[in-house]
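File shown: protein19.txt (compact mmCIF, C-alpha atoms and all ligand atoms).
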```txt
# COMPACT_ATOMS: atom_id res chain seq x y z
CA MET A 205 -36.36 -10.35 -47.21
CA ILE A 206 -36.89 -12.92 -44.42
CA GLN A 207 -34.01 -13.18 -41.95
CA GLU A 208 -33.24 -16.20 -39.79
CA SER A 209 -32.65 -16.11 -36.02
CA VAL A 210 -33.02 -12.40 -35.29
CA SER A 211 -32.86 -10.77 -31.86
CA LEU A 212 -36.07 -8.91 -31.08
CA LYS A 213 -34.37 -6.62 -28.58
CA PRO A 214 -34.48 -3.53 -30.83
CA TYR A 215 -38.16 -4.18 -31.59
CA ASN A 216 -39.72 -4.23 -28.11
CA THR A 217 -39.69 -1.26 -25.73
CA PHE A 218 -39.10 -3.54 -22.72
CA GLY A 219 -35.73 -4.30 -24.35
CA ILE A 220 -36.11 -8.05 -23.85
CA ASP A 221 -33.51 -10.06 -25.72
CA VAL A 222 -35.21 -13.08 -27.27
CA ASN A 223 -34.81 -14.49 -30.77
CA ALA A 224 -37.33 -14.94 -33.54
CA LYS A 225 -36.82 -18.05 -35.67
CA ARG A 226 -37.61 -15.87 -38.71
CA PHE A 227 -38.13 -12.11 -39.02
CA ALA A 228 -39.29 -9.76 -41.76
CA GLN A 229 -40.44 -6.17 -42.14
CA PHE A 230 -43.04 -4.93 -44.62
CA SER A 231 -43.76 -1.44 -45.79
CA SER A 232 -46.65 -2.07 -48.16
CA ILE A 233 -49.50 -4.51 -48.56
CA ALA A 234 -47.72 -6.06 -51.55
CA GLU A 235 -44.67 -6.72 -49.36
CA LEU A 236 -46.91 -8.13 -46.63
CA ARG A 237 -48.41 -10.56 -49.16
CA ASP A 238 -44.93 -11.64 -50.28
CA VAL A 239 -43.85 -12.26 -46.68
CA LEU A 240 -46.98 -14.18 -45.78
CA ALA A 241 -46.52 -16.39 -48.83
CA GLU A 242 -43.42 -17.66 -47.00
CA LEU A 243 -45.24 -18.43 -43.75
CA LYS A 244 -45.31 -22.17 -44.51
CA GLY A 245 -47.52 -23.13 -41.61
CA ASP A 246 -45.38 -21.33 -39.02
CA GLN A 247 -46.78 -19.37 -36.10
CA LEU A 248 -47.10 -15.67 -36.90
CA LEU A 249 -46.47 -12.70 -34.64
CA VAL A 250 -47.23 -9.21 -35.97
CA ILE A 251 -45.55 -6.34 -34.20
CA GLY A 252 -45.74 -2.59 -34.57
CA GLY A 253 -43.87 -0.35 -32.16
CA GLY A 254 -43.42 -3.28 -29.75
CA SER A 255 -44.54 -1.08 -26.89
CA ASN A 256 -47.29 -3.25 -25.48
CA LEU A 257 -45.48 -6.52 -25.53
CA LEU A 258 -43.72 -8.74 -23.00
CA LEU A 259 -41.67 -11.41 -24.74
CA THR A 260 -41.11 -14.27 -22.33
CA LYS A 261 -39.34 -16.72 -24.64
CA ASP A 262 -37.80 -17.17 -28.08
CA PHE A 263 -40.46 -17.06 -30.78
CA ASP A 264 -40.52 -20.27 -32.78
CA GLY A 265 -42.12 -18.80 -35.88
CA LEU A 266 -42.22 -15.77 -38.16
CA VAL A 267 -42.27 -12.26 -36.67
CA VAL A 268 -43.39 -9.54 -39.07
CA ARG A 269 -42.92 -5.87 -38.28
CA ASN A 270 -45.36 -3.40 -39.76
CA GLN A 271 -43.54 -0.47 -41.37
CA ILE A 272 -46.35 0.87 -43.57
CA LYS A 273 -45.86 4.66 -43.59
CA GLY A 274 -47.55 7.75 -44.94
CA ILE A 275 -49.75 10.52 -43.57
CA GLU A 276 -52.25 12.19 -45.88
CA VAL A 277 -55.38 14.31 -45.76
CA ILE A 278 -58.05 12.39 -47.63
CA LYS A 279 -61.11 14.60 -47.13
CA GLU A 280 -62.07 17.89 -45.54
CA THR A 281 -65.00 20.12 -44.72
CA ASP A 282 -65.04 23.59 -43.10
CA GLU A 283 -64.88 21.98 -39.66
CA HIS A 284 -63.18 18.65 -40.02
CA VAL A 285 -60.35 16.95 -41.74
CA TRP A 286 -59.88 13.23 -42.30
CA VAL A 287 -56.25 12.19 -41.98
CA ARG A 288 -55.11 8.71 -42.96
CA ALA A 289 -51.90 7.35 -41.46
CA GLY A 290 -49.98 4.18 -42.20
CA ALA A 291 -50.06 1.71 -39.30
CA GLY A 292 -46.26 1.72 -39.11
CA GLU A 293 -46.01 5.47 -38.41
CA VAL A 294 -44.70 6.26 -34.94
CA TRP A 295 -47.70 7.48 -32.97
CA HIS A 296 -46.07 10.55 -31.44
CA ASP A 297 -44.65 11.65 -34.82
CA PHE A 298 -48.20 11.51 -36.15
CA VAL A 299 -49.45 13.62 -33.22
CA VAL A 300 -46.71 16.20 -33.82
CA LYS A 301 -47.63 16.39 -37.51
CA CYS A 302 -51.32 16.94 -36.69
CA ILE A 303 -50.41 19.72 -34.28
CA GLN A 304 -48.14 21.35 -36.88
CA MET A 305 -51.00 21.28 -39.38
CA GLY A 306 -53.27 22.83 -36.72
CA TYR A 307 -55.63 19.86 -36.51
CA GLY A 308 -56.97 19.12 -33.03
CA GLY A 309 -58.05 15.90 -31.37
CA VAL A 310 -54.94 13.89 -30.61
CA GLU A 311 -52.86 16.42 -28.63
CA ASN A 312 -53.86 14.86 -25.28
CA LEU A 313 -52.41 11.60 -26.58
CA SER A 314 -48.91 13.05 -27.06
CA LEU A 315 -45.91 10.87 -26.28
CA ILE A 316 -47.81 7.60 -26.04
CA PRO A 317 -45.31 4.98 -27.14
CA GLY A 318 -46.13 2.72 -30.05
CA ASN A 319 -47.30 3.02 -33.63
CA VAL A 320 -50.47 4.23 -35.33
CA GLY A 321 -51.65 0.65 -35.89
CA ALA A 322 -51.89 -0.02 -32.16
CA SER A 323 -54.04 3.03 -31.49
CA PRO A 324 -57.38 1.43 -32.43
CA MET A 325 -56.25 -2.09 -31.50
CA GLN A 326 -56.26 -1.15 -27.83
CA ASN A 327 -58.15 2.12 -27.99
CA ILE A 328 -55.22 4.05 -26.52
CA GLY A 329 -56.14 6.74 -24.08
CA ALA A 330 -54.71 9.35 -21.77
CA TYR A 331 -55.64 12.61 -20.08
CA GLY A 332 -59.34 12.51 -20.84
CA VAL A 333 -59.18 11.37 -24.49
CA GLU A 334 -59.42 7.96 -26.12
CA ILE A 335 -58.74 7.14 -29.75
CA LYS A 336 -62.38 6.25 -30.28
CA ASP A 337 -63.19 9.98 -29.88
CA VAL A 338 -61.34 10.82 -33.12
CA PHE A 339 -61.49 7.52 -34.92
CA ASP A 340 -63.12 7.35 -38.35
CA SER A 341 -62.15 3.99 -39.84
CA LEU A 342 -59.30 1.60 -40.49
CA GLU A 343 -58.17 -0.75 -43.19
CA ALA A 344 -57.06 -4.21 -42.18
CA TYR A 345 -55.70 -7.20 -44.05
CA HIS A 346 -57.67 -10.37 -43.41
CA LEU A 347 -55.14 -13.16 -42.98
CA LYS A 348 -57.58 -15.88 -43.98
CA THR A 349 -58.84 -14.34 -47.24
CA GLY A 350 -55.99 -11.98 -48.14
CA LYS A 351 -58.56 -9.18 -48.61
CA LEU A 352 -58.39 -5.63 -47.30
CA GLU A 353 -61.44 -4.73 -45.23
CA THR A 354 -62.66 -1.42 -43.81
CA PHE A 355 -63.83 -1.18 -40.19
CA ASP A 356 -65.79 1.78 -38.83
CA ALA A 357 -65.99 2.60 -35.12
CA ASP A 358 -68.99 0.32 -34.55
CA ALA A 359 -67.21 -2.61 -36.16
CA CYS A 360 -64.18 -2.00 -33.92
CA ASP A 361 -66.41 -2.23 -30.83
CA PHE A 362 -64.08 -0.14 -28.67
CA GLY A 363 -63.88 -0.62 -24.92
CA TYR A 364 -61.47 0.53 -22.23
CA ARG A 365 -58.04 -0.33 -23.72
CA GLU A 366 -59.59 -2.84 -26.08
CA SER A 367 -61.37 -3.47 -29.34
CA VAL A 368 -62.70 -6.38 -31.35
CA PHE A 369 -59.08 -6.98 -32.49
CA LYS A 370 -58.11 -7.96 -28.94
CA ARG A 371 -61.24 -10.10 -28.52
CA SER A 372 -63.17 -12.11 -31.12
CA LEU A 373 -60.97 -11.13 -34.09
CA LYS A 374 -57.69 -11.57 -32.25
CA GLY A 375 -54.93 -12.66 -34.63
CA GLU A 376 -57.19 -12.54 -37.68
CA TYR A 377 -56.36 -9.12 -39.14
CA ILE A 378 -53.33 -6.90 -39.66
CA ILE A 379 -54.19 -3.21 -39.34
CA CYS A 380 -52.63 -1.39 -42.30
CA SER A 381 -53.89 2.20 -42.03
CA VAL A 382 -56.08 4.27 -39.73
CA THR A 383 -58.17 7.33 -40.61
CA TYR A 384 -58.88 9.91 -37.91
CA ARG A 385 -61.41 12.74 -38.05
CA LEU A 386 -59.74 15.83 -36.61
CA ASP A 387 -60.95 19.36 -35.88
CA LYS A 388 -59.89 22.39 -37.87
CA ASN A 389 -61.15 24.59 -35.03
CA PRO A 390 -59.90 22.56 -32.10
CA THR A 391 -61.72 22.39 -28.80
CA ILE A 392 -59.24 22.24 -25.97
CA ASN A 393 -59.80 19.39 -23.50
CA THR A 394 -58.29 20.17 -20.12
CA SER A 395 -60.86 18.19 -18.11
CA TYR A 396 -58.03 16.13 -16.65
CA GLY A 397 -56.88 18.05 -13.58
CA ALA A 398 -53.16 17.49 -14.09
CA ILE A 399 -53.28 19.27 -17.49
CA LYS A 400 -54.93 22.33 -15.98
CA GLN A 401 -52.30 22.50 -13.26
CA GLU A 402 -49.46 22.05 -15.73
CA LEU A 403 -50.82 24.82 -17.99
CA GLN A 404 -51.01 27.11 -14.96
CA ALA A 405 -47.43 26.24 -14.09
CA LEU A 406 -46.49 27.07 -17.70
CA LYS A 407 -48.40 30.37 -17.26
CA VAL A 408 -50.64 29.65 -20.24
CA SER A 409 -54.13 31.07 -19.86
CA ASN A 410 -55.48 30.55 -23.39
CA PRO A 411 -54.00 27.20 -24.43
CA THR A 412 -53.52 26.06 -28.02
CA ILE A 413 -53.30 22.39 -28.99
CA LYS A 414 -49.52 22.81 -28.95
CA ASP A 415 -49.67 24.03 -25.33
CA VAL A 416 -51.84 21.06 -24.33
CA SER A 417 -49.42 18.72 -26.04
CA GLN A 418 -46.51 20.34 -24.20
CA ALA A 419 -48.35 20.03 -20.88
CA VAL A 420 -48.98 16.32 -21.52
CA ILE A 421 -45.35 15.80 -22.56
CA ASN A 422 -44.18 17.46 -19.33
CA ILE A 423 -46.50 15.37 -17.13
CA ARG A 424 -45.65 12.09 -18.87
CA SER A 425 -41.92 12.79 -18.79
CA ARG A 426 -42.04 13.35 -15.04
CA LYS A 427 -44.15 10.29 -14.25
CA LEU A 428 -43.30 7.71 -16.87
CA PRO A 429 -39.91 6.26 -17.77
CA ASN A 430 -38.63 6.92 -21.30
CA PRO A 431 -38.44 3.48 -22.96
CA GLU A 432 -35.28 4.56 -24.78
CA VAL A 433 -33.58 4.87 -21.39
CA ILE A 434 -35.39 2.33 -19.18
CA GLY A 435 -37.18 -0.62 -20.77
CA ASN A 436 -40.94 -0.59 -20.14
CA ALA A 437 -44.31 -1.01 -21.85
CA GLY A 438 -46.27 1.81 -20.22
CA SER A 439 -49.12 0.69 -17.98
CA PHE A 440 -48.58 -3.00 -17.37
CA PHE A 441 -52.05 -3.49 -15.88
CA LYS A 442 -55.51 -2.13 -16.63
CA ASN A 443 -57.32 0.00 -14.10
CA PRO A 444 -59.85 -2.37 -12.49
CA VAL A 445 -63.58 -1.71 -12.49
CA VAL A 446 -65.21 -2.91 -9.25
CA ASP A 447 -68.62 -3.11 -7.60
CA LYS A 448 -69.70 -0.18 -5.48
CA ASP A 449 -69.78 -2.30 -2.31
CA LEU A 450 -66.15 -3.25 -2.64
CA PHE A 451 -65.25 0.35 -3.38
CA GLU A 452 -67.09 1.54 -0.23
CA GLU A 453 -65.24 -1.08 1.81
CA ILE A 454 -61.87 0.14 0.51
CA LYS A 455 -62.90 3.75 1.03
CA SER A 456 -63.74 3.14 4.67
CA ASP A 457 -60.11 2.15 5.21
CA PHE A 458 -58.56 4.58 2.72
CA GLU A 459 -60.52 7.81 2.49
CA GLU A 460 -58.26 9.08 -0.31
CA VAL A 461 -58.68 6.15 -2.76
CA PRO A 462 -58.65 7.63 -6.31
CA ASN A 463 -61.85 6.60 -8.09
CA TYR A 464 -63.76 7.36 -11.26
CA PRO A 465 -67.38 6.56 -12.14
CA ALA A 466 -67.82 3.61 -14.52
CA PRO A 467 -70.90 2.27 -16.36
CA ASP A 468 -73.45 0.04 -14.57
CA ASN A 469 -73.02 1.78 -11.23
CA LYS A 470 -69.48 0.48 -10.92
CA VAL A 471 -66.30 2.30 -9.97
CA LYS A 472 -62.94 2.40 -11.72
CA LEU A 473 -59.94 2.39 -9.39
CA ALA A 474 -56.33 3.33 -10.12
CA ALA A 475 -54.24 0.16 -10.37
CA GLY A 476 -51.12 2.26 -9.70
CA TRP A 477 -52.55 3.33 -6.35
CA LEU A 478 -53.50 -0.25 -5.38
CA ILE A 479 -50.00 -1.48 -6.29
CA GLU A 480 -48.41 1.34 -4.32
CA LYS A 481 -50.56 0.53 -1.26
CA ALA A 482 -49.57 -3.13 -1.60
CA GLY A 483 -45.97 -1.95 -1.11
CA TRP A 484 -44.56 -2.46 -4.59
CA LYS A 485 -43.89 1.08 -5.81
CA GLY A 486 -40.22 1.70 -6.61
CA LYS A 487 -39.19 -1.89 -5.73
CA HIS A 488 -35.99 -3.07 -7.40
CA ILE A 489 -35.37 -6.77 -7.83
CA GLY A 490 -31.97 -7.08 -9.43
CA ASN A 491 -32.18 -5.42 -12.82
CA TYR A 492 -35.95 -5.02 -13.00
CA GLY A 493 -38.75 -3.71 -10.83
CA VAL A 494 -41.64 -1.28 -10.38
CA HIS A 495 -41.20 2.33 -11.49
CA LYS A 496 -40.64 4.81 -8.68
CA ASN A 497 -43.04 7.48 -9.97
CA GLN A 498 -45.90 5.33 -11.30
CA ALA A 499 -46.46 1.86 -9.85
CA LEU A 500 -48.48 0.80 -12.88
CA VAL A 501 -45.29 0.60 -14.91
CA LEU A 502 -42.90 -2.35 -14.64
CA VAL A 503 -39.35 -1.64 -15.76
CA ASN A 504 -36.31 -3.47 -17.12
CA TYR A 505 -33.14 -1.64 -16.06
CA GLY A 506 -31.22 -3.79 -18.54
CA GLY A 507 -30.77 -7.50 -19.04
CA ALA A 508 -33.92 -8.77 -17.30
CA SER A 509 -35.76 -11.65 -18.89
CA GLY A 510 -39.42 -11.52 -19.86
CA SER A 511 -40.27 -14.37 -17.54
CA GLU A 512 -38.71 -12.53 -14.58
CA ILE A 513 -40.92 -9.54 -15.32
CA TYR A 514 -43.91 -11.85 -15.79
CA ASP A 515 -43.24 -13.46 -12.38
CA LEU A 516 -43.01 -10.00 -10.82
CA SER A 517 -46.41 -9.15 -12.32
CA GLU A 518 -47.81 -12.38 -10.87
CA SER A 519 -46.54 -11.48 -7.38
CA ILE A 520 -48.09 -8.02 -7.68
CA ILE A 521 -51.43 -9.47 -8.81
CA ASN A 522 -51.43 -11.87 -5.85
CA ASP A 523 -50.51 -9.21 -3.29
CA VAL A 524 -53.12 -6.74 -4.55
CA GLU A 525 -55.72 -9.50 -4.47
CA ALA A 526 -54.77 -10.49 -0.91
CA LYS A 527 -54.97 -6.87 0.28
CA PHE A 528 -57.97 -5.57 -1.65
CA GLY A 529 -59.81 -8.58 -3.11
CA ILE A 530 -59.20 -7.22 -6.63
CA ARG A 531 -57.51 -9.32 -9.30
CA LEU A 532 -55.62 -7.00 -11.67
CA GLU A 533 -55.59 -7.77 -15.37
CA ARG A 534 -52.54 -7.26 -17.54
CA GLU A 535 -52.80 -4.68 -20.29
CA VAL A 536 -49.61 -5.82 -21.99
CA ASN A 537 -49.66 -8.77 -24.41
CA ILE A 538 -47.67 -11.69 -23.07
CA ILE A 539 -45.97 -13.75 -25.77
N1 LIG B 601 -51.45 6.75 -8.28
C1 LIG B 601 -50.85 6.41 -7.10
N2 LIG B 601 -49.66 5.74 -7.14
C2 LIG B 601 -49.08 5.38 -8.31
C3 LIG B 601 -49.70 5.71 -9.53
C4 LIG B 601 -50.90 6.41 -9.49
O1 LIG B 601 -51.34 6.72 -6.02
O2 LIG B 601 -48.00 4.78 -8.26
C5 LIG B 601 -52.70 7.54 -8.25
C6 LIG B 601 -52.48 8.95 -8.77
O3 LIG B 601 -52.07 9.81 -7.76
C7 LIG B 601 -53.86 9.31 -9.28
C8 LIG B 601 -54.38 7.99 -9.80
O4 LIG B 601 -53.62 6.97 -9.16
O5 LIG B 601 -54.68 9.74 -8.23
C9 LIG B 601 -54.31 7.87 -11.30
O6 LIG B 601 -52.96 8.00 -11.73
P1 LIG B 601 -52.56 8.58 -13.18
O7 LIG B 601 -53.18 9.91 -13.39
O8 LIG B 601 -51.10 8.47 -13.33
O9 LIG B 601 -53.30 7.64 -14.21
P2 LIG B 601 -53.50 6.07 -14.24
O10 LIG B 601 -54.94 5.78 -14.08
O11 LIG B 601 -52.56 5.40 -13.31
C10 LIG B 601 -54.00 5.96 -16.79
C11 LIG B 601 -53.51 5.23 -18.01
C12 LIG B 601 -52.20 5.82 -18.50
C13 LIG B 601 -52.43 7.28 -18.81
C14 LIG B 601 -52.92 7.98 -17.55
C15 LIG B 601 -53.25 9.43 -17.77
C16 LIG B 601 -54.37 2.98 -17.74
C17 LIG B 601 -54.05 1.56 -17.47
N3 LIG B 601 -53.34 3.83 -17.70
O12 LIG B 601 -53.06 5.74 -15.75
O13 LIG B 601 -51.88 5.16 -19.70
O14 LIG B 601 -51.23 7.88 -19.27
O15 LIG B 601 -54.14 7.33 -17.10
O16 LIG B 601 -54.46 9.56 -18.46
O17 LIG B 601 -55.52 3.30 -18.02
C18 LIG B 601 -50.64 3.41 -20.72
O18 LIG B 601 -51.72 2.90 -21.05
O19 LIG B 601 -49.54 2.87 -21.04
C19 LIG B 601 -50.62 4.62 -19.91
C20 LIG B 601 -49.50 5.11 -19.42
```

Take the structure in the file and write it out as structure tokens.
Amino acid sequence: MIQESVSLKPYNTFGIDVNAKRFAQFSSIAELRDVLAELKGDQLLVIGGGSNLLLTKDFDGLVVRNQIKGIEVIKETDEHVWVRAGAGEVWHDFVVKCIQMGYGGVENLSLIPGNVGASPMQNIGAYGVEIKDVFDSLEAYHLKTGKLETFDADACDFGYRESVFKRSLKGEYIICSVTYRLDKNPTINTSYGAIKQELQALKVSNPTIKDVSQAVINIRSRKLPNPEVIGNAGSFFKNPVVDKDLFEEIKSDFEEVPNYPAPDNKVKLAAGWLIEKAGWKGKHIGNYGVHKNQALVLVNYGGASGSEIYDLSESIINDVEAKFGIRLEREVNII
């Protein structure tokens, strides 16, 4: 079941070609236990869809790829339905299935790369919705004790693109399944301006969840590179949250600066805009660079190394800091 010296290129959406000393896939908790029994003190890296990962070197340990599948309705009332999905399900396939069944709540999150297991890990979000809005609970395998534990939303302690699994419990649990609470009578969320415009362009006046999904798919396909064609990991950086004073300073120079209110009287800025203003949008450096339609996305046109992309991200961070006094944080996990 465990293979030696395996290229991870097919397993990361950046398409970075590094080797794992050992590699295994698991599609059940029993298989996971068998694989972990062979860990033998090695370093462990758990991957799902590999869509939020930058691999900068060969991995001198055991890489395990979560392939736990299955989507089932486990409970329902007149209004809601609780759907449990295996962590190894492809996120967008799950969204499509929910839409087919007529259950609302995840349609704004269409086409986000990655697997179900990553959705609570980093509280994925797009177009006015975050996973925490539909999250019920998850089951995770505790590496230390070998026990399965259930986490509700409070225990996950969701934040902007993060959860307890990226902070204090980092590396301690493997998410095995996630249960979402969806709506049988969906409320359409078109609060995000671009969706409204897209629905108008599609000439839809009374949108269904399928229409919203289609609008999101259209917007994302225009702005974001398809990882199957151009290697990338979606947003490479987080949108920074800054003090009001700094925001006012930037605004006095750039009237148009996109901004969103954040807690504690702070302001969230668009990292893509800052990177564009720092002159990086669309830059090609050999076979990698910054995407031409969304500067938040770094791309591998083929054959780039992870450390080259990491160095590019470092240059961007430094330039944005020099220009705006804001130090961008990476959203992608660097291994
Ligand atoms: N903008 C620019 N130049 C750019 C990119 C963006 O000026 O190169 C401006 C846009 O014009 C807009 C603002 O920045 O005024 C925000 O841009 P956008 O709507 O594309 O959203 P974002 O804040 O850049 C976030 C998420 C995306 C998500 C979109 C839509 C983060 C880090 N990223 O991007 O998530 O799809 O909102 O909701 O929060 C991802 O996490 O992988 C991802 C793609």

- [ ] Would you mind listing the residues within 6 Å of ligand LIG 601 (chain B), counting all atoms listed in the file, as a PyMOL selection string?
- [x] chain A and resi 330-331+438-439+441-443+462+474+476-477+480+497-499

Task: Surrounding residues of Glu293 (chain A) excluding itself and chain neighbours under 2 positions, 12 Å, all atoms listed in the file, as JSON, numbers by chain - done: {"A": [231, 252, 253, 269, 270, 271, 272, 273, 274, 275, 276, 288, 289, 290, 291, 295, 296, 297, 298, 299, 300, 301, 317, 318, 319, 320, 321, 322, 323, 379, 380, 381, 382]}

Task: Residues near Ile489 (chain A), cut-off 12 Å, all atoms listed in the file, skip fewer than 3 positions along chain, as a count of residues only - done: 17

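Using all atoms listed in the file, the shortest contact distance between Ser372 (chain A) and any of A:Cys360, A:Val333, A:Asn223, A:Arg426 is found at A:Cys360.
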
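Atom pair CA of Val433 (chain A) / CA of Ser517 (chain A) has a distance of 21.1 Å (rounded to one decimal).
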
TODO: Can you work out the spacing between CA of Leu249 (chain A) and CA of Glu432 (chain A) in Å, to one decimal?
DONE: 22.8 Å

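Across A:Ala526, A:Leu500, A:Leu248, A:Leu478, the tightest approach to Val268 (chain A) is made by A:Leu248 when counting all atoms listed in the file.
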
- [ ] For region 211-219 of chain A, work out the shell of residues within 7 Å, counting only C-alpha atoms and skipping chain neighbours fewer than 2 positions away, then give it as a list in words.
- [x] Ser209, Asp221, Val222, Asn223, Ala224, Gly253, Gly254, Ser255, Leu257, Leu258, Pro431, Gly435, Asn436, Ala437 and Asn504 of chain A

Task: Polymer residues at most 12 Å from (-62.7, -1.6, -1.1) by all atoms listed in the file, as an MDAnalysis selection string - done: chainID A and resid 444:463 471:473 478 524:530

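The space between CA of Val267 (chain A) and CA of Ile251 (chain A) spans 7.2 Å.
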
Open item on the list: Neighbouring residues of Ile233 (chain A) were defined as those with any atom within 10 Å, considering only C-alpha atoms; residues of the same chain fewer than 3 positions away were excluded. Please report them as a PyMOL selection string.
Closed with: chain A and resi 230+236-239+270+272+344-345+350+352+378+380

TODO: Have a look at A:Asp337, A:Asp415, A:Glu402, A:Glu376 and name the one nearest to Ala357 (chain A); count only C-alpha atoms.
DONE: A:Asp337

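Residue nearest Ala398 (chain A), chosen from A:Asn312, A:His346, A:Lys374, A:Tyr464 and counting all atoms listed in the file: A:Asn312.
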